[in-house]
Structures are given as structure tokens and as C-alpha cells.
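Source file query.tsv; content: TSV, C-alpha atoms and all ligand atoms.
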chain	number	residue	atom	x	y	z
Y	216	MET	CA	58.05	8.97	9.36
Y	217	THR	CA	59.57	12.01	10.99
Y	218	ALA	CA	57.49	14.02	13.39
Y	219	THR	CA	57.47	17.12	11.20
Y	220	LYS	CA	59.35	18.48	8.19
Y	221	TYR	CA	58.60	22.07	9.04
Y	222	PRO	CA	60.30	24.42	11.42
Y	223	ARG	CA	58.69	24.42	14.78
Y	224	ILE	CA	59.76	27.51	16.65
Y	225	VAL	CA	59.81	27.02	20.36
Y	226	THR	CA	61.09	30.16	21.97
Y	227	GLY	CA	61.60	31.83	25.24
Y	228	THR	CA	63.21	31.10	28.50
Y	229	HIS	CA	59.92	30.49	30.30
Y	230	GLY	CA	57.92	27.30	30.03
Y	231	PRO	CA	54.21	27.75	29.34
Y	232	GLU	CA	53.46	26.73	32.90
Y	233	GLU	CA	55.74	29.33	34.31
Y	234	GLY	CA	54.26	32.22	32.35
Y	235	ALA	CA	55.88	35.49	31.54
Y	236	GLY	CA	54.74	37.02	34.77
Y	237	ALA	CA	52.30	39.80	35.36
Y	238	GLY	CA	53.22	43.03	33.65
Y	239	THR	CA	55.91	41.43	31.51
Y	240	PRO	CA	55.68	42.59	27.91
Y	241	TRP	CA	54.58	39.79	25.62
Y	242	PRO	CA	55.79	38.22	23.47
Y	243	ASP	CA	59.05	38.96	25.16
Y	244	ASP	CA	60.43	35.66	24.01
Y	245	VAL	CA	59.28	35.53	20.37
Y	246	PRO	CA	62.00	36.71	18.04
Y	247	PRO	CA	60.85	39.91	16.35
Y	248	ASP	CA	62.40	38.80	13.09
Y	249	GLN	CA	60.46	35.56	12.76
Y	250	ASP	CA	59.24	35.02	9.23
Y	251	ASP	CA	55.48	34.68	9.28
Y	252	THR	CA	55.29	34.57	5.49
Y	253	TRP	CA	57.07	31.24	5.32
Y	254	TYR	CA	55.23	28.22	3.94
Y	255	PRO	CA	56.51	24.74	3.20
Y	256	LEU	CA	56.74	24.99	-0.61
Y	257	ARG	CA	57.82	28.61	-0.80
Y	258	ASP	CA	61.29	27.76	-2.04
Y	259	ASP	CA	60.10	25.20	-4.57
Y	260	PRO	CA	57.77	27.01	-7.02
Y	261	TRP	CA	57.51	23.99	-9.30
Y	262	ARG	CA	56.20	21.76	-6.50
Y	263	ALA	CA	53.98	24.58	-5.29
Y	264	ARG	CA	52.42	24.83	-8.74
Y	265	ARG	CA	51.95	21.06	-8.89
Y	266	MET	CA	50.27	21.19	-5.50
Y	267	GLU	CA	47.89	23.85	-6.81
Y	268	TYR	CA	46.92	21.62	-9.71
Y	269	LEU	CA	46.43	18.66	-7.40
Y	270	ILE	CA	44.15	20.72	-5.16
Y	271	ALA	CA	42.29	22.07	-8.18
Y	272	GLY	CA	41.78	18.48	-9.37
Y	273	LEU	CA	40.35	17.49	-6.01
Y	274	TRP	CA	37.95	20.39	-6.06
Y	275	GLY	CA	37.05	19.47	-9.61
Y	276	ILE	CA	35.97	16.09	-8.22
Y	277	THR	CA	33.82	18.00	-5.75
Y	278	ALA	CA	32.14	19.87	-8.59
Y	279	VAL	CA	31.56	16.69	-10.63
Y	280	CYS	CA	30.10	14.91	-7.60
Y	281	GLY	CA	27.89	17.95	-6.90
Y	282	VAL	CA	26.48	17.96	-10.43
Y	283	ALA	CA	26.00	14.18	-10.35
Y	284	LEU	CA	24.22	14.53	-7.02
Y	285	MET	CA	21.76	16.97	-8.54
Y	286	VAL	CA	21.17	14.72	-11.55
Y	287	VAL	CA	20.63	11.60	-9.44
Y	288	TYR	CA	18.29	13.47	-7.14
Y	289	TRP	CA	16.35	14.99	-10.02
Y	290	THR	CA	15.89	11.65	-11.76
Y	291	GLY	CA	14.29	10.00	-8.76
Y	292	GLY	CA	17.14	9.61	-6.31
Y	293	GLN	CA	18.95	6.56	-5.03
Y	294	THR	CA	20.05	6.83	-1.44
Y	295	GLN	CA	23.25	4.79	-1.67
Y	296	ILE	CA	24.46	6.62	-4.78
Y	297	GLU	CA	23.60	9.99	-3.29
Y	298	GLY	CA	25.45	9.09	-0.10
Y	299	GLY	CA	28.51	8.01	-2.09
Y	300	LEU	CA	28.50	11.22	-4.11
Y	301	LEU	CA	28.15	13.29	-0.98
Y	302	VAL	CA	31.11	11.50	0.58
Y	303	GLY	CA	33.14	12.01	-2.60
Y	304	ALA	CA	32.28	15.70	-2.83
Y	305	THR	CA	32.95	16.58	0.80
Y	306	GLY	CA	36.00	14.28	1.01
Y	307	ALA	CA	37.66	15.86	-2.02
Y	308	LEU	CA	36.79	19.36	-0.82
Y	309	GLY	CA	38.19	18.70	2.65
Y	310	THR	CA	41.34	16.99	1.35
Y	311	GLY	CA	42.02	19.96	-0.92
Y	312	LEU	CA	41.58	22.40	1.93
Y	313	VAL	CA	43.92	20.39	4.16
Y	314	LEU	CA	46.61	20.22	1.46
Y	315	TRP	CA	46.27	23.94	0.83
Y	316	ALA	CA	46.64	24.78	4.49
Y	317	ARG	CA	49.46	22.33	4.95
Y	318	PHE	CA	51.68	23.21	1.99
Y	319	LEU	CA	50.67	26.57	0.56
Y	320	LEU	CA	49.66	28.77	3.45
Y	321	PRO	CA	52.16	30.58	5.61
Y	322	GLY	CA	52.52	29.57	9.17
Y	323	HIS	CA	54.37	27.47	11.65
Y	324	ASP	CA	54.00	26.65	15.27
Y	325	VAL	CA	55.16	29.25	17.74
Y	326	THR	CA	55.23	28.43	21.38
Y	327	ALA	CA	55.52	31.30	23.80
Y	328	SER	CA	54.76	31.86	27.42
Y	329	ARG	CA	51.54	33.66	28.24
Y	330	GLY	CA	51.40	34.27	31.97
Y	331	HIS	CA	48.96	36.93	33.14
Y	332	HIS	CA	49.86	39.24	30.35
Y	333	VAL	CA	47.26	41.60	28.86
Y	334	SER	CA	48.16	42.66	25.31
Y	335	SER	CA	48.86	46.28	24.58
Y	336	SER	CA	47.21	48.07	21.67
Y	337	GLN	CA	50.48	47.85	19.67
Y	338	GLU	CA	50.63	44.12	20.20
Y	339	ARG	CA	47.03	43.70	19.09
Y	340	ALA	CA	47.72	45.78	15.99
Y	341	ALA	CA	50.74	43.59	15.22
Y	342	VAL	CA	48.61	40.46	15.43
Y	343	VAL	CA	46.01	41.96	13.08
Y	344	GLU	CA	48.70	42.90	10.63
Y	345	SER	CA	50.20	39.43	10.78
Y	346	LEU	CA	46.81	37.87	10.13
Y	347	SER	CA	46.17	40.09	7.16
Y	348	ARG	CA	49.52	39.08	5.70
Y	349	GLY	CA	48.22	35.53	5.82
Y	350	THR	CA	44.94	36.55	4.19
Y	351	ASP	CA	46.84	38.34	1.45
Y	352	ALA	CA	48.91	35.27	0.86
Y	353	MET	CA	45.77	33.18	0.61
Y	354	MET	CA	43.70	35.49	-1.58
Y	355	SER	CA	46.19	37.16	-3.88
Y	356	ARG	CA	49.06	34.72	-4.31
Y	357	ARG	CA	46.62	31.86	-4.86
Y	358	GLY	CA	44.27	33.64	-7.21
Y	359	PHE	CA	44.10	30.60	-9.48
Y	360	LEU	CA	42.88	28.37	-6.67
Y	361	VAL	CA	40.57	30.89	-5.04
Y	362	LYS	CA	38.94	32.66	-7.98
Y	363	LYS	CA	39.10	30.08	-10.74
Y	364	VAL	CA	38.48	26.91	-8.74
Y	365	LEU	CA	37.26	27.32	-5.18
Y	366	VAL	CA	34.57	29.95	-5.82
Y	367	PRO	CA	32.86	28.16	-8.74
Y	368	VAL	CA	33.21	24.76	-7.11
Y	369	GLY	CA	31.82	26.12	-3.85
Y	370	GLY	CA	28.88	27.58	-5.79
Y	371	ILE	CA	28.12	24.31	-7.57
Y	372	PHE	CA	28.45	22.24	-4.44
Y	373	GLY	CA	26.44	24.77	-2.44
Y	374	ILE	CA	23.56	24.52	-4.91
Y	375	ALA	CA	23.81	20.73	-4.89
Y	376	ALA	CA	23.68	20.72	-1.09
Y	377	LEU	CA	20.53	22.86	-1.17
Y	378	TRP	CA	18.86	20.61	-3.76
Y	379	PRO	CA	17.32	18.19	-1.21
Y	380	LEU	CA	15.29	21.09	0.19
Y	381	ALA	CA	12.84	20.22	-2.57
Y	382	SER	CA	12.03	17.09	-0.55
Y	383	LEU	CA	10.35	19.20	2.08
Y	384	GLY	CA	7.27	19.28	-0.15
Y	385	PRO	CA	4.56	21.90	-0.30
Y	386	ARG	CA	3.73	24.15	2.63
Y	387	PRO	CA	1.06	22.62	4.82
Y	388	GLY	CA	-1.06	25.77	4.84
Y	389	ARG	CA	-4.29	25.29	6.81
Y	390	TYR	CA	-4.21	21.56	6.20
Y	391	LEU	CA	-2.93	20.94	9.72
Y	392	TYR	CA	-6.03	22.52	11.16
Y	393	HIS	CA	-8.55	20.34	9.36
Y	394	THR	CA	-9.45	16.75	8.64
Y	395	LYS	CA	-11.72	15.30	5.96
Y	396	TRP	CA	-14.76	15.38	8.21
Y	397	TYR	CA	-17.38	17.75	6.85
Y	398	PRO	CA	-20.93	18.64	7.89
Y	399	GLY	CA	-23.23	15.78	6.90
Y	400	ALA	CA	-20.46	13.22	6.31
Y	401	ARG	CA	-21.79	9.77	7.12
Y	402	LEU	CA	-19.69	7.64	9.45
Y	403	VAL	CA	-18.42	4.57	7.60
Y	404	THR	CA	-16.34	1.61	8.68
Y	405	GLU	CA	-13.02	0.63	7.16
Y	406	ASP	CA	-14.90	-1.64	4.74
Y	407	ASN	CA	-17.10	1.25	3.65
Y	408	ARG	CA	-20.24	0.29	5.54
Y	409	ALA	CA	-22.37	3.14	6.82
Y	410	VAL	CA	-22.72	3.05	10.58
Y	411	HIS	CA	-26.21	2.77	12.00
Y	412	VAL	CA	-27.02	4.01	15.45
Y	413	SER	CA	-27.60	0.43	16.59
Y	414	ASP	CA	-24.37	-1.01	15.13
Y	415	VAL	CA	-22.22	-0.62	18.22
Y	416	MET	CA	-23.10	-2.59	21.31
Y	417	VAL	CA	-22.89	-1.02	24.75
Y	418	ASP	CA	-19.19	-0.86	25.75
Y	419	GLY	CA	-18.25	-1.43	22.12
Y	420	LEU	CA	-15.72	0.48	20.01
Y	421	LEU	CA	-15.67	0.98	16.26
Y	422	THR	CA	-13.14	2.77	14.07
Y	423	VAL	CA	-14.88	5.09	11.63
Y	424	PHE	CA	-14.00	7.42	8.75
Y	425	PRO	CA	-15.86	10.13	6.89
Y	426	GLU	CA	-17.66	8.69	3.87
Y	427	GLY	CA	-15.44	8.98	0.82
Y	428	TYR	CA	-12.21	9.28	2.80
Y	429	ILE	CA	-11.54	5.81	4.15
Y	430	GLY	CA	-7.91	5.51	5.11
Y	431	ASP	CA	-7.26	9.23	5.37
Y	432	ALA	CA	-4.43	9.51	7.88
Y	433	ALA	CA	-5.85	12.48	9.78
Y	434	SER	CA	-9.48	11.40	9.96
Y	435	PRO	CA	-9.84	8.08	11.82
Y	436	ALA	CA	-12.10	8.30	14.84
Y	437	VAL	CA	-13.31	5.90	17.49
Y	438	LEU	CA	-17.04	5.55	18.01
Y	439	LEU	CA	-17.88	4.37	21.52
Y	440	ASN	CA	-21.12	3.18	23.04
Y	441	ILE	CA	-21.03	4.23	26.68
Y	442	GLY	CA	-24.57	3.08	27.37
Y	443	GLY	CA	-26.35	5.23	29.92
Y	444	ALA	CA	-23.18	6.57	31.57
Y	445	ALA	CA	-23.33	10.26	32.37
Y	446	VAL	CA	-20.92	12.35	30.35
Y	447	GLN	CA	-19.41	15.63	31.46
Y	448	GLU	CA	-18.95	17.28	28.12
Y	449	PRO	CA	-16.46	20.11	28.25
Y	450	TYR	CA	-17.56	23.66	27.65
Y	451	GLY	CA	-18.08	24.14	23.93
Y	452	GLU	CA	-18.66	20.46	23.24
Y	453	GLN	CA	-22.15	20.00	24.66
Y	454	GLY	CA	-24.50	18.09	22.39
Y	455	PHE	CA	-21.75	16.13	20.65
Y	456	GLU	CA	-23.12	12.86	22.06
Y	457	VAL	CA	-25.98	10.95	20.47
Y	458	GLU	CA	-28.44	9.16	22.72
Y	459	SER	CA	-30.76	6.53	21.34
Y	460	GLY	CA	-32.63	4.24	23.68
Y	461	ALA	CA	-30.07	2.61	25.94
Y	462	ASN	CA	-27.20	3.73	23.70
Y	463	GLY	CA	-24.98	6.70	24.31
Y	464	LEU	CA	-22.66	7.25	21.38
Y	465	VAL	CA	-19.61	9.48	21.45
Y	466	CYS	CA	-16.88	9.83	18.86
Y	467	PHE	CA	-13.28	11.01	19.32
Y	468	SER	CA	-10.25	11.40	17.12
Y	469	LYS	CA	-8.19	8.22	17.09
Y	470	ILE	CA	-4.89	10.11	16.76
Y	471	CYS	CA	-3.14	10.41	20.11
Y	472	THR	CA	-2.33	13.98	21.08
Y	473	HIS	CA	1.07	12.90	22.36
Y	474	ALA	CA	2.90	11.50	19.36
Y	475	GLY	CA	0.16	10.46	16.97
Y	476	CYS	CA	-0.27	6.74	17.64
Y	477	ALA	CA	-3.68	5.15	17.15
Y	478	VAL	CA	-5.66	5.16	20.38
Y	479	SER	CA	-7.30	1.78	20.23
Y	480	LEU	CA	-7.73	0.29	23.71
Y	481	PHE	CA	-10.98	0.83	25.59
Y	482	ASN	CA	-11.12	-0.05	29.27
Y	483	VAL	CA	-14.86	-0.36	29.86
Y	484	LEU	CA	-14.50	-0.68	33.63
Y	485	SER	CA	-12.94	2.74	34.00
Y	486	MET	CA	-14.39	4.15	30.77
Y	487	GLN	CA	-10.93	5.14	29.59
Y	488	LEU	CA	-9.28	5.08	26.20
Y	489	ILE	CA	-5.62	4.08	26.32
Y	490	CYS	CA	-2.89	4.74	23.79
Y	491	PRO	CA	-0.67	1.65	23.46
Y	492	CYS	CA	2.48	3.63	22.63
Y	493	HIS	CA	3.16	5.45	25.92
Y	494	GLN	CA	0.05	4.62	27.90
Y	495	SER	CA	-1.62	7.99	27.73
Y	496	THR	CA	-5.05	7.47	29.25
Y	497	PHE	CA	-8.11	9.51	28.35
Y	498	ASP	CA	-11.26	9.72	30.44
Y	499	VAL	CA	-14.14	9.22	28.02
Y	500	LEU	CA	-16.71	10.54	30.48
Y	501	GLN	CA	-14.82	13.83	30.76
Y	502	GLY	CA	-14.48	14.61	27.08
Y	503	CYS	CA	-11.40	12.35	26.75
Y	504	LYS	CA	-9.34	14.52	29.03
Y	505	PRO	CA	-5.88	12.97	29.60
Y	506	VAL	CA	-5.66	11.57	33.13
Y	507	PHE	CA	-2.37	9.70	32.80
Y	508	GLY	CA	0.67	9.67	30.53
Y	509	PRO	CA	2.38	12.25	28.35
Y	510	ALA	CA	-0.56	13.38	26.18
Y	511	PRO	CA	-0.92	17.13	26.75
Y	512	ARG	CA	-4.55	17.68	25.76
Y	513	PRO	CA	-7.85	15.84	25.20
Y	514	LEU	CA	-8.70	13.86	22.11
Y	515	PRO	CA	-10.88	16.15	19.97
Y	516	GLN	CA	-14.52	15.10	19.89
Y	517	LEU	CA	-16.62	14.79	16.76
Y	518	PRO	CA	-20.13	16.27	16.97
Y	519	LEU	CA	-22.55	13.48	15.99
Y	520	GLY	CA	-26.03	13.50	14.52
Y	521	VAL	CA	-28.54	10.81	13.47
Y	522	ARG	CA	-30.31	10.91	10.14
Y	523	ALA	CA	-33.96	9.97	9.79
Y	524	ASP	CA	-32.90	6.53	8.54
Y	525	GLY	CA	-30.87	5.95	11.70
Y	526	TYR	CA	-27.42	6.36	10.20
Y	527	LEU	CA	-24.84	8.48	11.97
Y	528	TYR	CA	-23.24	11.55	10.48
Y	529	ALA	CA	-20.84	14.27	11.55
Y	530	LYS	CA	-22.31	17.69	12.20
Y	531	HIS	CA	-18.93	19.31	11.64
Y	532	ASP	CA	-15.19	18.68	11.48
Y	533	PHE	CA	-13.40	18.42	14.82
Y	534	TYR	CA	-13.35	21.79	16.50
Y	535	GLN	CA	-9.82	21.22	17.76
Y	536	PRO	CA	-6.76	20.18	15.73
Y	537	ILE	CA	-6.14	16.46	15.91
Y	538	GLY	CA	-2.93	14.74	16.94
Y	539	PRO	CA	0.29	16.22	18.28
Y	540	GLY	CA	1.57	19.51	16.96
Y	541	PHE	CA	2.71	23.04	17.45
Y	542	TRP	CA	-0.66	24.06	18.89
Y	543	ASN	CA	0.26	22.15	22.05
Y	544	ARG	CA	2.51	25.03	22.98
Y	545	GLY	CA	-0.12	27.72	22.75
Y	546	GLY	CA	-3.61	28.22	24.05
Y	547	ASP	CA	-6.70	28.37	21.89
Y	548	ASN	CA	-5.98	29.57	18.41
Y	549	GLN	CA	-7.86	31.70	15.96
Y	550	TYR	CA	-8.79	28.79	13.73
Y	551	PHE	CA	-10.52	26.84	16.46
Y	552	PRO	CA	-12.64	29.10	18.60
Y	553	LYS	CA	-14.64	27.32	21.24
Y	554	VAL	CA	-18.10	26.40	20.08
Y	555	SER	CA	-20.78	28.16	22.00
Y	556	SER	CA	-23.34	25.93	23.69
K	601	LIG	S1	1.64	8.45	21.22
K	601	LIG	FE1	0.06	8.06	22.58
K	601	LIG	S2	0.96	8.15	24.48
K	601	LIG	FE2	2.56	8.59	23.17

Kindly return the structure encoded in the file as C-alpha cells.
Amino acid sequence: MTATKYPRIVTGTHGPEEGAGAGTPWPDDVPPDQDDTWYPLRDDPWRARRMEYLIAGLWGITAVCGVALMVVYWTGGQTQIEGGLLVGATGALGTGLVLWARFLLPGHDVTASRGHHVSSSQERAAVVESLSRGTDAMMSRRGFLVKKVLVPVGGIFGIAALWPLASLGPRPGRYLYHTKWYPGARLVTEDNRAVHVSDVMVDGLLTVFPEGYIGDAASPAVLLNIGGAAVQEPYGEQGFEVESGANGLVCFSKICTHAGCAVSLFNVLSMQLICPCHQSTFDVLQGCKPVFGPAPRPLPQLPLGVRADGYLYAKHDFYQPIGPGFWNRGGDNQYFPKVSS
């Protein structure tokens, strides 16, 4: 295979390294009569026309793949088929563009020395004019390809490419600010057993949910019995603990504020909850303030109450958003004002 079939114009007496020299008009070594309207198939209209049809066929494949992509997606989607169609669509589109640039657009390589030259206004105007000649050649001489094929195909494929935006689902709205805990919700275990104030032994841990919402991803909480240990409840969270005889019960969101793993390890010696994912450590006696690891803020605490029959309930939803999220980057927000004591 030969290196190139097209004229490569290498001009000038200076090598690129040598430069034209400061103040030397440029391009002093590019022939003024060079033909910048030349393109490889210019002198063979029949082959040029065939090339147009070939490119149009390729872009037709793009359109067909785009429509098929929408249909497959709409009817439930199949990842491998969608991937194949995407490859087909973009491959055909790119191949057509390459063929167009290679055989039907004017241009050839021009090598000229540059040096420290700064272009004059006439030279800049000449470049603009040369570029617009190329644009004319692209837009007007190839009207069939541009207007009848590329524009509609681009539209179809553009819509097909936007189709997967539907997968983003509904807007979250205020959902991110709330869990399923509600005032009066009884604490229940994963097997739907209401939690009595005496159910958790001192130093024990129990995973609980709001009654009626077992398994809700945002609502799991850990109920801890810290015995008679003194708790420093943060401002705004006083009274969230329940004391009953020798039991001191506190309840925190189980969703780690770093990346959302389940906080499930309780070190009773240090009274710390530990997230197994990246070892964020929360001091239970200080309102689950993070004392080690990447978690940026405390685990939100659930305000507890005890009914007359001894069963535990939530007085309210968490007063802080649970888990990791955009609120980490701001201070308090309007949806979660601090609770007054
Ligand atoms: S998710 Fe808990 S420390 Fe990273």
C-alpha cells in the first residue's frame, strides 16, 4: 500500500525547525496559486457520486440502528442488543464522516515554516476566506448528503441517544429529606415484632424499622442499650433517649453518612458504632459524632418514646437527613431546623 495517493505539498526553503525568521512575511514559501479547492474525487464525478451514495447508505444504517435502539429500549431493553445497536449507529456515522472528509472535501497537507511570525490582518483574512471556501464546498456542493441525509439521520440518532434519559426516573422531590418514620410509629424488628423496652439487653444492639415499613431502604435504625452510661446529647437532640430502670435506650440511623453502608458493629468497650465499609467510627455517647474515618457528620438520632404498654415508638422522623448526600456540602438546611430543647 502506498503511503498516500494524494498530493502532499511540502514547500519552502526552510525546514520547520529553522523557521521563517522573525519579521519574515508568512507564508513566504507557500505557492500563492495552490489549489485549495482540490479534493481526491474532483476529477471523477461518477466515483464521487458513488461515494455519496455509499456514505448515505452508512448514515442510513445509523438511522435504522437509532430507531431500533428506541424500540428495544421502549419494549423493556436488553443491554447487549442496545450496546450492539449503539456500536452500529456510531460506527456507521463515523465511517461515513471519515469517507466524506477523505474523498469529498477539499484539502491536502501543506507544510510551511512558521518561525516567530505573527500573521498580518491580510493573512488572517486570507485564511478565513480559504476556510469558507471549504465550508461552501461542504454545504452547497454536497447538498444531497447534508440536507437529505445527514440532518435527518442526525436528528433521529440524536433523539435515540437522548432516549435513555427516561431511565433517570422521577425527580426525588422532598423524598431525600424524609424516611418512613412518623410520629407514633412503633419500632418493629425485621420479623415484624414490636420492640418492648426490655427487649434489648444492656450493651445489646437491635435493627429496627417503623411499623408497616419493614425493609424500607432509608429507614433502618439501630437501637442500642447503653445501660446507665451518661450521654452527651447534642444541642437540639435532648430527650431522644429513653431510660427505663437500668436501661438507657438510644436509636440512630443505620445508614452511614459516608457512603451509605449499614453501620452494624458495636464496640461496647468504647461505646462506638463502626461502619464495616471504611471504618468510620461514631461515638454513641456523643450523639454518634464521627471520631474516626471518612464520615462527615453524625448518624441522625431518632427521638424515642415508650407507650403505656412498654413498647417503643418514634416521636418523630429523624430531624437530620440520613445517609450521604448533597447536604454534606452545606450547613443546616431549611428542611431540618434544629429542634429546640
Ligand atoms: S460507608 Fe461507612 S465508612 Fe464509608

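Note that the spacing between CA of Val286 in chain Y and CA of Val366 in chain Y amounts to 21.1 Å.
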
Which residue out of Y:Met486, Y:Val417, Y:Leu519, Y:Ala263 has the minimum interatomic distance to Ala436 in chain Y when only C-alpha atoms are used?
Y:Leu519

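If all atoms listed in the file are the atoms counted, then among Y:Leu488, Y:Val403, Y:Leu273, Y:Leu301 the closest residue to Gly430 in chain Y is Y:Val403.
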
Sort by chain and increasing residue number a table of all residues of chain Y within 10 Å of ligand LIG 601 (chain K), each with its closest pair of atoms and their distance in Å to one decimal, counting only C-alpha atoms and all ligand atoms, and write it as a Markdown table.
| residue | atom | partner | partner_atom | distance |
| --- | --- | --- | --- | --- |
| Y:Lys469 | CA | K:LIG601 | FE1 | 9.9 |
| Y:Ile470 | CA | K:LIG601 | FE1 | 7.9 |
| Y:Cys471 | CA | K:LIG601 | FE1 | 4.7 |
| Y:Thr472 | CA | K:LIG601 | FE1 | 6.6 |
| Y:His473 | CA | K:LIG601 | S1 | 4.6 |
| Y:Ala474 | CA | K:LIG601 | S1 | 3.8 |
| Y:Gly475 | CA | K:LIG601 | S1 | 4.9 |
| Y:Cys476 | CA | K:LIG601 | S1 | 4.4 |
| Y:Ala477 | CA | K:LIG601 | FE1 | 7.2 |
| Y:Val478 | CA | K:LIG601 | FE1 | 6.8 |
| Y:Ser479 | CA | K:LIG601 | FE1 | 10.0 |
| Y:Ile489 | CA | K:LIG601 | FE1 | 7.9 |
| Y:Cys490 | CA | K:LIG601 | FE1 | 4.6 |
| Y:Pro491 | CA | K:LIG601 | FE1 | 6.5 |
| Y:Cys492 | CA | K:LIG601 | FE2 | 5.0 |
| Y:His493 | CA | K:LIG601 | S2 | 3.8 |
| Y:Gln494 | CA | K:LIG601 | S2 | 5.0 |
| Y:Ser495 | CA | K:LIG601 | S2 | 4.2 |
| Y:Thr496 | CA | K:LIG601 | S2 | 7.7 |
| Y:Phe497 | CA | K:LIG601 | S2 | 10.0 |
| Y:Pro505 | CA | K:LIG601 | S2 | 9.8 |
| Y:Phe507 | CA | K:LIG601 | S2 | 9.1 |
| Y:Gly508 | CA | K:LIG601 | S2 | 6.2 |
| Y:Pro509 | CA | K:LIG601 | S2 | 5.8 |
| Y:Ala510 | CA | K:LIG601 | S2 | 5.7 |
| Y:Pro511 | CA | K:LIG601 | S2 | 9.5 |
| Y:Gly538 | CA | K:LIG601 | S1 | 8.9 |
| Y:Pro539 | CA | K:LIG601 | S1 | 8.4 |

Two-atom distance - CA of Val521 in chain Y, CA of Val412 in chain Y (Å):
7.2 Å

Which of these residues is nearest to Leu464 in chain Y, using all atoms listed in the file: Y:His411, Y:His531, Y:Lys504, Y:Lys395?
Y:His411
